[in-house]
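Colleague: I have a structure I would like to understand better, so I am pasting it below and will then ask my questions one at a time.
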Amino acid sequence: MQISRLKLKHQILLIFTFSIIIFTSMELYFYYSFYDLTQKRASNYGNKIIEQTRQKIDTVFNDLEVSTNIVVNNKKIQEFTIADDDYKRAFDIGAYVIDLMEYMRSFNSYVNGIVINDSEGRRIYSLATSNGDIFFFNQYAEFINSYKLDSESVEKGMYTDILKDEKTGSEYFFYIAPIIEAIGGVRFSQQTGYCSVMVNTDRLQELVKNTDLTPNSTLYLLNSRNEVIASNNTNFRGILFKDILSVDRDSLTNGVKTNINGEDVIVQEKDLEQADGWRIVSIIPVHELTTDMNAIKNVSIIAGVGIILSLIILGYFFLNNLTRPVMGLVADMKRIGKRDMGFRIKVRSTNEVGVLAYDINSMIDQMEEMASNILNTQARLYESEISKKQVEFSALQSQINPHFLYNTLNCISSIGLEYGSKEIAQITSSMSKIFRYSIKEDELVQISEEIQCVQAYMNIISIRYENKFMMKVHVDDKIMQMKTPKMILQPIIENSVYHGLERRDAGGSLHVNGQIDVDGDVCFQITDSGIGIGHDELEVIKAKLNMDYSERVKNSPDGKSIGLSNINNRIKLMFGEGYGVDIESQLGRGTTVIVKIPSISN
């Protein structure tokens, strides 16, 4: 079926339907692409946090192993394990051995106790009083004997499983290293004893608990038997965590999406380098990974729904106000073509279509008048006169179709011009630039791109407020090609407009300046002549800018301070404490926000 053969209203309906389908498809594609992108970026962030925790734990374990190796390789320690003279063991060597172990325990806060045992069952120890009782229980002796006979522990040190105190319910694990005689005695190169180090699980628990993930995420430190050594969820400490054991470990390194207890989560793991079979596992709820992006997602959904509704309303307007009068005109013309004498076209509108209908009615009146004159012509002139009138009638009849078509086309063109809007086109173009800029994957962009985004936003504000505010941007050309974190100026300008300039009764100005300061860094100044900020409120905002990230978010219900805190936090995380955001303001005189970043060339 050829589209050109369809009725005009069907063609317009088809065009609008096709446009709505395409835009809806694009909106869905954008939504799911954006959701997938934010989830991947958030997952990568979680992976980095887990990697940092793994490195910290590996460092702790490496320090434990290095300290233990110093002990087991010490000449006095080895002499202690082979000495037969009890006096020499107790007074000559023992004091030194105890001092060495005390020093090791005080130097390393992750050590709760150290015990040196020789092959004959004699031992010497240095213990924390709160945890040392376990060393004197038969339960500990039975537990540790299984590792003394282990071939792997004979050759090198190893970490034990969890030992749970039957009396107190406390949990312990140890690092065991063999003592190999290397001082040239009769037992040279033989194992003469072992060193047992009790690891401070409370300190490991603090290290894991302080990892900054999402609010309801869980981090586990698992040993080779999948026992939970430490976790930020205290309900799962010391319990074999079975929920994740069925997940394919080969895919856990980069993160895998699964369902645990009816909730979609992303599970990731990192193997420890210093302890074979030990690993760190994180479980992060999927919905928490994209929480900070929900605002943008909701805005895009609202914008998409708004545009679709606008297309539907616009389509209905065209169908009702353009095609209905045209189709009525066509139907009336068909009736006139059937020689319905006395019938006139109904004037259904006052626009060009209505004018066209009026002109056709006038033409029909003239035609009927001409026909009446022909009938009244004298008989003797009947033949010649009727021929003449027929020629005139045919000429007039041949003019109807092109005249009708010409006026119809002019009508459609005039309607299009009448409802066109440059402001909508400018806002749409500016929004397109901002959205296209905001979804760029690069975290660092050229300053010139950031300024283009700012100018696009200012263009929107100028249209919205009908040029109520004077806004100027002056940035030194020397820094235009330098790098800056993306989207750090637009939120500040938005704060200046909505919290400062908009509340003025009249006018106001906004200036954005950028240059190299005396320290060689890039400095941006955003100054408005708005209502300003009171001294007490300003001090609260400054205090929040100096808080830790988690405290800033918790204590910032104000949208303005959250925006400044987020930008300040991003800059400090990326460049260090010497950079970030500062704010100065006086009530009734305006506000200045200063953003400082390092000079980064391409």
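Chain labels run A, B, ... following the order of the structure tokens; each chain numbers its residues from 1, and ligands are numbered from 1 in the order shown.
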Need to verify the contact set: Ile541 (chain A), 9 Å, only C-alpha atoms, exclusion of same-chain residues closer than 2 positions in sequence. Can you return it as a list in words?
Modeller: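 Surrounding residues, per the criterion: Asp536, Glu537, Leu538, Glu539, Ala543, Lys544, Leu545, Asn546, Ser556, Ser561, Leu564, Ser565 and Ile583 of chain A.
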Colleague: Residues at most 9 Å from Ala506 (chain A), counting only C-alpha atoms, excluding those fewer than 4 positions away in the same chain, as a PyMOL selection string?
Modeller: chain A and resi 468-469+501-502
Colleague: Write a file of the selected residues as an mmCIF file, in the first residue's frame, keeping all heavy atoms.
Modeller:
data_model
loop_
_atom_site.group_PDB
_atom_site.id
_atom_site.type_symbol
_atom_site.label_atom_id
_atom_site.label_comp_id
_atom_site.auth_asym_id
_atom_site.auth_seq_id
_atom_site.Cartn_x
_atom_site.Cartn_y
_atom_site.Cartn_z
ATOM 1 N N LYS A 468 16.221 37.804 32.806
ATOM 2 C CA LYS A 468 16.108 38.574 34.048
ATOM 3 C C LYS A 468 17.480 38.815 34.673
ATOM 4 O O LYS A 468 17.724 39.858 35.281
ATOM 5 C CB LYS A 468 15.213 37.818 35.019
ATOM 6 C CG LYS A 468 15.078 38.475 36.389
ATOM 7 C CD LYS A 468 14.203 37.633 37.306
ATOM 8 C CE LYS A 468 14.119 38.242 38.702
ATOM 9 N NZ LYS A 468 13.297 37.413 39.610
ATOM 10 N N PHE A 469 18.395 37.842 34.507
ATOM 11 C CA PHE A 469 19.705 37.931 35.142
ATOM 12 C C PHE A 469 20.782 38.222 34.095
ATOM 13 O O PHE A 469 20.703 37.766 32.957
ATOM 14 C CB PHE A 469 20.047 36.623 35.860
ATOM 15 C CG PHE A 469 18.945 36.114 36.735
ATOM 16 C CD1 PHE A 469 18.482 34.812 36.581
ATOM 17 C CD2 PHE A 469 18.352 36.919 37.682
ATOM 18 C CE1 PHE A 469 17.468 34.318 37.365
ATOM 19 C CE2 PHE A 469 17.343 36.435 38.484
ATOM 20 C CZ PHE A 469 16.883 35.145 38.317
ATOM 21 N N LEU A 501 19.838 34.180 43.187
ATOM 22 C CA LEU A 501 19.259 35.177 42.290
ATOM 23 C C LEU A 501 17.741 35.090 42.218
ATOM 24 O O LEU A 501 17.052 36.111 42.150
ATOM 25 C CB LEU A 501 19.855 34.997 40.885
ATOM 26 C CG LEU A 501 21.374 35.242 40.762
ATOM 27 C CD1 LEU A 501 21.840 34.925 39.370
ATOM 28 C CD2 LEU A 501 21.717 36.687 41.127
ATOM 29 N N GLU A 502 17.196 33.861 42.217
ATOM 30 C CA GLU A 502 15.759 33.701 42.031
ATOM 31 C C GLU A 502 14.960 34.357 43.160
ATOM 32 O O GLU A 502 13.830 34.774 42.969
ATOM 33 C CB GLU A 502 15.430 32.206 41.947
ATOM 34 C CG GLU A 502 13.974 31.945 41.576
ATOM 35 C CD GLU A 502 13.670 30.460 41.500
ATOM 36 O OE1 GLU A 502 14.041 29.749 42.444
ATOM 37 O OE2 GLU A 502 13.066 30.038 40.519
#
Colleague: Within 8 Å of His499 (chain A), counting only C-alpha atoms, which residues qualify if same-chain residues fewer than 4 places away don't, as a ChimeraX atom specification?
Modeller: /A:495,503,530-531,560
Colleague: Work out how far CA of Ser119 (chain A) is from CA of Phe137 (chain A), in Å to one decimal.
Modeller: 19.0 Å
Colleague: Have a look at CA of Ile280 (chain A) and CA of Leu221 (chain A) and let me know their distance in Å, one decimal.
Modeller: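 Separation of CA of Ile280 (chain A) and CA of Leu221 (chain A): 4.7 Å.
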Colleague: Do you have the CA of Ala177 (chain A)-CA of Asp85 (chain A) distance handy?
Modeller: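 About the pair CA of Ala177 (chain A) and CA of Asp85 (chain A): they are 24.6 Å apart.
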Colleague: Select, from A:Lys164, A:Lys572, A:Lys148, A:Arg105, the residue with the minimum atom-to-atom distance to Pro485 (chain A), counting only C-alpha atoms.
Modeller: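 The shortest atom-to-atom distance to Pro485 (chain A) comes from A:Lys572.
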Colleague: Hey, which of A:Ile284, A:Cys523, A:Ile312, A:Ile600 ends up closest to Lys257 (chain A)? Count only C-alpha atoms.
Modeller: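 Distance minimum relative to Lys257 (chain A) lands on A:Ile284.
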Colleague: Name the residues of region 105-242 of chain A that come out as strand (DSSP E or B) in a backbone DSSP run; write them as an MDAnalysis selection string.
Modeller: chainID A and resid 111:118 123:127 158:159 163:164 171:172 174:180 191:199 218:222 227:231 240
Colleague: Taking only C-alpha atoms into account, name the residue in A:His535, A:Arg122, A:His287, A:Lys270 that is nearest to Ile82 (chain A).
Modeller: A:Arg122
